[in-house]
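*Asks:* Next comes the structure file my_file_6.pdb, holding PDB, C-alpha atoms.
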```
ATOM      1  CA  MET P   1      64.760  42.656  12.602
ATOM      2  CA  SER P   2      62.486  39.691  11.847
ATOM      3  CA  GLU P   3      59.883  38.310  14.209
ATOM      4  CA  LYS P   4      61.183  36.746  17.399
ATOM      5  CA  ARG P   5      60.135  33.125  17.736
ATOM      6  CA  ILE P   6      60.993  30.025  19.727
ATOM      7  CA  HIS P   7      63.584  28.154  17.684
ATOM      8  CA  SER P   8      64.013  25.149  20.001
ATOM      9  CA  ILE P   9      62.942  23.819  23.399
ATOM     10  CA  THR P  10      65.180  21.573  25.496
ATOM     11  CA  ILE P  11      64.676  19.930  28.862
ATOM     12  CA  TYR P  12      67.227  18.176  31.049
ATOM     13  CA  PRO P  13      65.223  15.638  33.074
ATOM     14  CA  ILE P  14      68.216  14.680  35.269
ATOM     15  CA  LYS P  15      70.380  17.645  36.210
ATOM     16  CA  SER P  16      73.788  17.604  34.440
ATOM     17  CA  LEU P  17      72.878  14.624  32.243
ATOM     18  CA  GLY P  18      71.837  14.595  28.597
ATOM     19  CA  PRO P  19      69.241  16.841  26.923
ATOM     20  CA  VAL P  20      65.843  15.948  25.524
ATOM     21  CA  HIS P  21      64.613  18.107  22.643
ATOM     22  CA  VAL P  22      60.857  18.634  22.533
ATOM     23  CA  GLN P  23      58.449  20.448  20.222
ATOM     24  CA  GLU P  24      56.264  21.697  23.044
ATOM     25  CA  ALA P  25      56.367  21.917  26.817
ATOM     26  CA  TRP P  26      54.042  22.759  29.678
ATOM     27  CA  VAL P  27      55.208  25.669  31.795
ATOM     28  CA  GLU P  28      54.838  24.968  35.511
ATOM     29  CA  PRO P  29      55.787  27.135  38.522
ATOM     30  CA  SER P  30      59.183  25.403  38.721
ATOM     31  CA  GLY P  31      59.870  25.683  34.994
ATOM     32  CA  LEU P  32      59.295  23.480  31.965
ATOM     33  CA  ARG P  33      57.605  20.220  32.877
ATOM     34  CA  GLY P  34      60.203  17.468  33.167
ATOM     35  CA  ASP P  35      63.169  19.822  33.338
ATOM     36  CA  ARG P  36      65.697  19.142  36.116
ATOM     37  CA  ARG P  37      63.197  17.411  38.362
ATOM     38  CA  TYR P  38      65.723  14.613  39.028
ATOM     39  CA  MET P  39      69.244  15.035  40.363
ATOM     40  CA  LEU P  40      72.204  12.882  41.351
ATOM     41  CA  VAL P  41      73.629  13.420  44.839
ATOM     42  CA  ASP P  42      76.670  11.905  46.499
ATOM     43  CA  ALA P  43      76.893  10.038  49.815
ATOM     44  CA  ASN P  44      76.688  13.378  51.658
ATOM     45  CA  HIS P  45      73.615  14.351  49.623
ATOM     46  CA  GLN P  46      75.528  17.090  47.781
ATOM     47  CA  PHE P  47      74.471  17.571  44.162
ATOM     48  CA  ILE P  48      76.692  16.073  41.462
ATOM     49  CA  THR P  49      77.431  18.232  38.439
ATOM     50  CA  GLN P  50      79.403  18.291  35.193
ATOM     51  CA  ARG P  51      81.520  21.052  36.704
ATOM     52  CA  THR P  52      83.437  18.409  38.630
ATOM     53  CA  ARG P  53      82.269  15.311  36.748
ATOM     54  CA  PRO P  54      82.365  16.177  33.014
ATOM     55  CA  GLU P  55      82.038  12.473  32.242
ATOM     56  CA  LEU P  56      78.330  12.794  33.066
ATOM     57  CA  THR P  57      77.923  13.582  29.364
ATOM     58  CA  ARG P  58      78.183   9.803  28.838
ATOM     59  CA  PHE P  59      74.531   9.511  29.974
ATOM     60  CA  THR P  60      71.919  10.323  27.342
ATOM     61  CA  LEU P  61      68.169  10.431  27.768
ATOM     62  CA  HIS P  62      65.482   9.539  25.254
ATOM     63  CA  GLU P  63      61.821  10.265  25.828
ATOM     64  CA  GLN P  64      59.562   7.227  25.575
ATOM     65  CA  GLU P  65      55.976   6.546  26.539
ATOM     66  CA  GLY P  66      55.762   6.660  30.312
ATOM     67  CA  GLY P  67      59.252   7.954  31.007
ATOM     68  CA  PHE P  68      62.827   8.270  29.773
ATOM     69  CA  LEU P  69      65.353   5.707  28.601
ATOM     70  CA  VAL P  70      68.725   6.473  30.206
ATOM     71  CA  LYS P  71      71.736   5.164  28.261
ATOM     72  CA  ASP P  72      75.363   4.944  29.332
ATOM     73  CA  LEU P  73      77.401   5.441  26.164
ATOM     74  CA  LEU P  74      80.546   4.083  27.831
ATOM     75  CA  THR P  75      79.148   0.668  28.743
ATOM     76  CA  ASN P  76      76.194   0.554  26.317
ATOM     77  CA  SER P  77      73.903  -0.284  29.221
ATOM     78  CA  GLN P  78      70.501   1.309  29.595
ATOM     79  CA  LYS P  79      67.695   1.561  32.118
ATOM     80  CA  PHE P  80      64.152   2.914  31.891
ATOM     81  CA  LEU P  81      63.177   5.720  34.265
ATOM     82  CA  ALA P  82      59.391   5.568  34.561
ATOM     83  CA  HIS P  83      57.368   8.623  35.495
ATOM     84  CA  ASP P  84      55.698   6.475  38.161
ATOM     85  CA  VAL P  85      58.939   4.941  39.486
ATOM     86  CA  ALA P  86      58.815   3.791  43.100
ATOM     87  CA  LEU P  87      60.050   6.351  45.606
ATOM     88  CA  GLY P  88      61.752   5.891  48.946
ATOM     89  CA  PRO P  89      62.251   8.103  51.992
ATOM     90  CA  HIS P  90      62.894  11.816  51.809
ATOM     91  CA  VAL P  91      66.379  13.178  52.383
ATOM     92  CA  SER P  92      67.700  16.712  52.733
ATOM     93  CA  VAL P  93      69.781  17.444  49.633
ATOM     94  CA  HIS P  94      72.185  20.327  49.046
ATOM     95  CA  ILE P  95      72.273  22.338  45.835
ATOM     96  CA  TRP P  96      74.455  25.429  46.043
ATOM     97  CA  ASP P  97      73.240  27.366  49.101
ATOM     98  CA  ASP P  98      69.868  25.632  49.216
ATOM     99  CA  LYS P  99      68.730  22.650  51.238
ATOM    100  CA  VAL P 100      65.502  20.964  50.215
ATOM    101  CA  PHE P 101      63.783  17.660  50.906
ATOM    102  CA  ALA P 102      63.664  15.313  47.917
ATOM    103  CA  ALA P 103      62.510  11.725  47.527
ATOM    104  CA  GLN P 104      65.002   8.947  46.827
ATOM    105  CA  VAL P 105      64.275   7.089  43.587
ATOM    106  CA  LEU P 106      64.177   3.316  44.064
ATOM    107  CA  ASP P 107      64.195   0.570  41.393
ATOM    108  CA  ASP P 108      67.978   0.118  41.884
ATOM    109  CA  TRP P 109      68.813   3.537  40.440
ATOM    110  CA  ALA P 110      71.291   4.239  43.222
ATOM    111  CA  SER P 111      73.202   1.044  42.423
ATOM    112  CA  TRP P 112      73.022   1.627  38.670
ATOM    113  CA  PHE P 113      74.606   5.068  38.855
ATOM    114  CA  SER P 114      77.000   4.165  41.692
ATOM    115  CA  ASP P 115      78.438   1.255  39.708
ATOM    116  CA  ARG P 116      79.068   3.429  36.687
ATOM    117  CA  LEU P 117      80.430   6.493  38.437
ATOM    118  CA  GLY P 118      82.596   4.599  40.889
ATOM    119  CA  GLU P 119      81.192   6.314  43.966
ATOM    120  CA  LYS P 120      78.138   5.950  46.147
ATOM    121  CA  CYS P 121      75.387   8.169  44.855
ATOM    122  CA  PHE P 122      71.630   8.440  44.796
ATOM    123  CA  LEU P 123      69.038   9.594  42.317
ATOM    124  CA  VAL P 124      66.478  11.917  43.885
ATOM    125  CA  VAL P 125      63.374  13.632  42.565
ATOM    126  CA  GLN P 126      61.640  16.834  43.606
ATOM    127  CA  ASP P 127      58.604  16.507  45.821
ATOM    128  CA  PRO P 128      55.839  19.053  45.123
ATOM    129  CA  ALA P 129      55.230  19.196  48.885
ATOM    130  CA  HIS P 130      58.782  20.485  49.463
ATOM    131  CA  VAL P 131      59.349  23.305  46.985
ATOM    132  CA  ARG P 132      62.670  25.012  46.401
ATOM    133  CA  GLU P 133      61.734  28.626  46.996
ATOM    134  CA  ILE P 134      63.433  31.394  45.030
ATOM    135  CA  GLN P 135      64.323  34.841  46.352
ATOM    136  CA  GLU P 136      61.327  37.089  46.893
ATOM    137  CA  LYS P 137      62.586  39.724  44.436
ATOM    138  CA  TYR P 138      62.364  37.184  41.597
ATOM    139  CA  GLN P 139      58.941  35.772  42.508
ATOM    140  CA  THR P 140      55.892  36.390  40.327
ATOM    141  CA  GLU P 141      52.182  35.760  40.619
ATOM    142  CA  GLY P 142      52.787  32.493  38.784
ATOM    143  CA  SER P 143      55.911  31.209  40.522
ATOM    144  CA  ALA P 144      57.869  31.405  43.764
ATOM    145  CA  GLN P 145      59.924  28.281  43.185
ATOM    146  CA  SER P 146      62.501  26.573  40.984
ATOM    147  CA  SER P 147      63.555  23.114  39.890
ATOM    148  CA  PHE P 148      67.026  21.640  40.471
ATOM    149  CA  ALA P 149      68.322  24.248  38.004
ATOM    150  CA  ASP P 150      71.284  26.212  39.325
ATOM    151  CA  ALA P 151      69.061  29.160  40.176
ATOM    152  CA  LEU P 152      65.814  30.242  38.485
ATOM    153  CA  PRO P 153      63.330  28.059  36.574
ATOM    154  CA  ILE P 154      63.959  28.833  32.867
ATOM    155  CA  LEU P 155      67.063  29.777  30.887
ATOM    156  CA  LEU P 156      66.597  31.526  27.532
ATOM    157  CA  CYS P 157      69.257  32.394  24.946
ATOM    158  CA  SER P 158      69.222  33.508  21.321
ATOM    159  CA  GLU P 159      70.689  32.095  18.137
ATOM    160  CA  ALA P 160      72.449  35.414  17.561
ATOM    161  CA  SER P 161      74.135  35.251  20.966
ATOM    162  CA  PHE P 162      75.480  31.768  20.231
ATOM    163  CA  ALA P 163      76.751  33.039  16.882
ATOM    164  CA  ALA P 164      78.553  35.927  18.597
ATOM    165  CA  VAL P 165      80.419  33.551  20.883
ATOM    166  CA  ALA P 166      81.286  31.286  17.938
ATOM    167  CA  ASP P 167      82.709  34.310  16.108
ATOM    168  CA  ALA P 168      84.845  35.181  19.130
ATOM    169  CA  LEU P 169      86.012  31.571  19.324
ATOM    170  CA  GLY P 170      86.691  31.393  15.599
ATOM    171  CA  GLU P 171      84.852  28.119  15.032
ATOM    172  CA  GLU P 172      81.446  26.481  15.264
ATOM    173  CA  LEU P 173      80.002  26.155  18.735
ATOM    174  CA  ASN P 174      77.552  23.562  20.069
ATOM    175  CA  PRO P 175      74.757  25.535  21.791
ATOM    176  CA  LEU P 176      74.224  22.621  24.194
ATOM    177  CA  ARG P 177      77.346  23.773  26.050
ATOM    178  CA  PHE P 178      75.129  26.456  27.597
ATOM    179  CA  ARG P 179      72.259  24.116  28.544
ATOM    180  CA  ALA P 180      69.482  26.587  27.773
ATOM    181  CA  ASN P 181      65.802  25.620  27.826
ATOM    182  CA  VAL P 182      64.620  27.954  25.089
ATOM    183  CA  GLN P 183      66.549  29.192  22.064
ATOM    184  CA  VAL P 184      65.128  32.203  20.241
ATOM    185  CA  SER P 185      65.440  33.208  16.581
ATOM    186  CA  GLY P 186      64.946  36.652  15.061
ATOM    187  CA  SER P 187      66.593  38.744  17.777
ATOM    188  CA  ALA P 188      69.878  40.619  17.903
ATOM    189  CA  GLY P 189      72.811  39.165  19.794
ATOM    190  CA  PHE P 190      72.318  39.422  23.573
ATOM    191  CA  GLU P 191      69.088  41.360  23.074
ATOM    192  CA  GLU P 192      67.512  38.917  25.545
ATOM    193  CA  ASP P 193      69.513  40.642  28.308
ATOM    194  CA  THR P 194      67.117  43.589  28.079
ATOM    195  CA  TRP P 195      63.829  41.659  28.247
ATOM    196  CA  ALA P 196      62.113  42.441  31.550
ATOM    197  CA  GLU P 197      58.862  40.776  30.481
ATOM    198  CA  ILE P 198      57.912  38.783  27.406
ATOM    199  CA  GLN P 199      54.756  37.237  26.036
ATOM    200  CA  ILE P 200      54.937  33.905  24.232
ATOM    201  CA  GLY P 201      52.072  33.024  21.947
ATOM    202  CA  GLU P 202      48.699  34.348  23.074
ATOM    203  CA  VAL P 203      48.827  34.113  26.861
ATOM    204  CA  GLN P 204      52.213  32.973  28.191
ATOM    205  CA  ARG P 205      54.106  35.684  30.082
ATOM    206  CA  TRP P 206      57.575  35.413  31.647
ATOM    207  CA  LYS P 207      59.601  37.737  33.829
ATOM    208  CA  GLY P 208      63.203  38.380  32.774
ATOM    209  CA  ALA P 209      64.685  38.043  36.247
ATOM    210  CA  LYS P 210      68.458  38.140  35.904
ATOM    211  CA  PRO P 211      71.349  37.321  33.554
ATOM    212  CA  CYS P 212      73.035  33.952  33.872
ATOM    213  CA  ALA P 213      76.610  33.995  35.172
ATOM    214  CA  ARG P 214      78.679  31.289  33.482
ATOM    215  CA  CYS P 215      81.490  29.067  34.725
ATOM    216  CA  GLN P 216      83.845  26.387  33.386
ATOM    217  CA  LEU P 217      80.881  24.143  32.572
ATOM    218  CA  VAL P 218      80.674  25.802  29.137
ATOM    219  CA  ASN P 219      84.113  24.312  28.443
ATOM    220  CA  VAL P 220      82.665  20.786  28.555
ATOM    221  CA  ASN P 221      81.927  19.296  25.133
ATOM    222  CA  PRO P 222      78.424  17.799  25.503
ATOM    223  CA  ALA P 223      79.263  15.163  22.898
ATOM    224  CA  ASP P 224      82.118  13.471  24.737
ATOM    225  CA  GLY P 225      82.898  15.233  28.009
ATOM    226  CA  THR P 226      86.257  16.614  26.873
ATOM    227  CA  GLN P 227      87.125  20.132  28.020
ATOM    228  CA  ASP P 228      88.452  23.127  26.120
ATOM    229  CA  VAL P 229      89.159  26.275  28.137
ATOM    230  CA  ARG P 230      88.972  28.396  24.974
ATOM    231  CA  THR P 231      85.169  28.478  25.119
ATOM    232  CA  LEU P 232      84.892  30.327  28.428
ATOM    233  CA  ARG P 233      87.921  32.419  27.506
ATOM    234  CA  ALA P 234      86.260  33.545  24.265
ATOM    235  CA  LEU P 235      83.025  34.384  26.072
ATOM    236  CA  ALA P 236      84.877  36.232  28.821
ATOM    237  CA  SER P 237      86.718  38.351  26.261
ATOM    238  CA  PHE P 238      83.594  40.427  25.634
ATOM    239  CA  ARG P 239      80.988  39.339  28.193
ATOM    240  CA  THR P 240      82.710  40.055  31.519
ATOM    241  CA  PHE P 241      80.943  42.557  33.750
ATOM    242  CA  GLY P 242      81.785  43.079  37.404
ATOM    243  CA  ASN P 243      84.097  40.040  37.497
ATOM    244  CA  LYS P 244      81.380  37.721  36.191
ATOM    245  CA  VAL P 245      80.905  36.247  32.733
ATOM    246  CA  TYR P 246      77.326  36.350  31.473
ATOM    247  CA  PHE P 247      75.414  34.482  28.796
ATOM    248  CA  GLY P 248      71.640  34.128  28.605
ATOM    249  CA  GLN P 249      68.748  35.422  30.687
ATOM    250  CA  GLN P 250      66.942  33.566  33.471
ATOM    251  CA  PHE P 251      63.163  33.797  33.445
ATOM    252  CA  VAL P 252      60.388  33.123  35.933
ATOM    253  CA  PRO P 253      56.871  32.318  34.646
ATOM    254  CA  ILE P 254      54.143  34.849  35.353
ATOM    255  CA  SER P 255      51.411  32.755  33.761
ATOM    256  CA  LEU P 256      51.340  29.004  33.167
ATOM    257  CA  GLY P 257      50.424  26.958  30.114
ATOM    258  CA  LYS P 258      52.055  25.472  27.023
ATOM    259  CA  ILE P 259      54.792  26.745  24.713
ATOM    260  CA  ARG P 260      55.654  25.374  21.283
ATOM    261  CA  VAL P 261      58.499  25.643  18.808
ATOM    262  CA  GLY P 262      57.579  28.462  16.427
ATOM    263  CA  ASP P 263      55.640  30.491  18.996
ATOM    264  CA  LEU P 264      55.887  34.253  18.537
ATOM    265  CA  ILE P 265      57.709  36.174  21.272
ATOM    266  CA  GLN P 266      56.694  39.738  22.045
ATOM    267  CA  VAL P 267      58.739  41.963  24.328
ATOM    268  CA  ILE P 268      56.298  43.628  26.744
ATOM    269  CA  GLN P 269      58.805  45.511  28.888
ATOM    270  CA  THR P 270      62.524  46.185  28.665
ATOM    271  CA  LYS P 271      65.258  46.966  31.195
ATOM    272  CA  ASP P 272      68.906  47.955  31.230
ATOM    273  CA  ALA P 273      71.326  45.139  30.502
ATOM    274  CA  VAL P 274      74.218  44.261  32.805
ATOM    275  CA  TYR P 275      76.700  46.087  30.565
TER
END
```
Would you mind writing the file out in structure tokens?

*Replies:*
Amino acid sequence: MSEKRIHSITIYPIKSLGPVHVQEAWVEPSGLRGDRRYMLVDANHQFITQRTRPELTRFTLHEQEGGFLVKDLLTNSQKFLAHDVALGPHVSVHIWDDKVFAAQVLDDWASWFSDRLGEKCFLVVQDPAHVREIQEKYQTEGSAQSSFADALPILLCSEASFAAVADALGEELNPLRFRANVQVSGSAGFEEDTWAEIQIGEVQRWKGAKPCARCQLVNVNPADGTQDVRTLRALASFRTFGNKVYFGQQFVPISLGKIRVGDLIQVIQTKDAVY
């Protein structure tokens, strides 16, 4: 097997909206800098997701100096989300079983998204003073928290794993369906399931905390929001263990710093996979 290296790095600045591909990223306690720090919530402050609103794929993000340009492909309208955007009061938001205080984003973002989605909603951003704590068993010396990701800070998958699902499906597969942060080359299919600890580059170390259980979100075509149940069905045909369907490994940083596309990945410690 060839050397294992980072093939691509992707962040999702607003949860469930479009990806931003980067060549390098700072690793912070809550994951890759800029990843899932923003989130849309409804009038009851429940998080909004592609699981129930696949049309969220209509919003793309493009990194620009000082922030991100958010585009609505349906209406061709766009709005700039500055890193230093004005913030309003804190509200308690709900994401799965967690409740955490987040700051409302002003600059008419609530109106902009509400008008396009046809329901009252708000854009919120994580506040470093109100962290979203992860379970103690997953905590490391470098992190005890997560972003607005579904669970743990970083999701890693391999090129070979994507290829295995495409083979089961019988056609090409867009890896963005799985919304991973880091894609790895040079490993065997689903080898990442067995990585208990890895080193990236010279000093970066991550803990392989748990496999990622998948749902109908992988059926959503990231290009247009259409759904095809065959994707999850193909994955489930050979990746179902204990009534859950798994793809990818969730990681928690042990040390902080920068990662880059092309960085060498060394497996420091292994573990038994879920199967």

*Asks:* Which residues are close to Ser161 of chain P, i.e. within 9 Å by all atoms listed in the file, leaving aside same-chain residues fewer than 6 positions away? Reply as a VMD selection string.

*Replies:* chain P and resid 187 to 192 247 to 248

*Asks:* If I put a ball of radius 12 Å at (82.5, 36.1, 37.5) in the file's coordinates, which residues poke into it when counting all atoms listed in the file, written as an MDAnalysis selection string?

*Replies:* chainID P and resid 211:216 232:233 235:236 239:247

*Asks:* Taking 2 positions as the minimum chain separation for residues in the same chain, which residues sit within 10 Å of Asp84 of chain P when counting all atoms listed in the file? Answer as an NGL selection string.

*Replies:* :P and (66-67 or 81-82 or 86-87)

*Asks:* If you apply the PyMOL selection byres ((chain P and resi 72) around 12) to this file, what residues do you get, as a list in words?

*Replies:* Leu17, Gly18, Glu55, Leu56, Thr57, Arg58, Phe59, Thr60, Leu61, His62, Leu69, Val70, Lys71, Leu73, Leu74, Thr75, Asn76, Ser77, Gln78, Lys79, Phe80, Trp112, Phe113, Asp115, Arg116, Leu117 and Asp224 of chain P

*Asks:* Between P:Glu197, P:Asp97, P:Glu28, P:Glu159, which one has atoms that come closest to Phe178 of chain P, using all atoms listed in the file?

*Replies:*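 Of the candidates, the smallest distance to Phe178 of chain P is held by P:Glu159.
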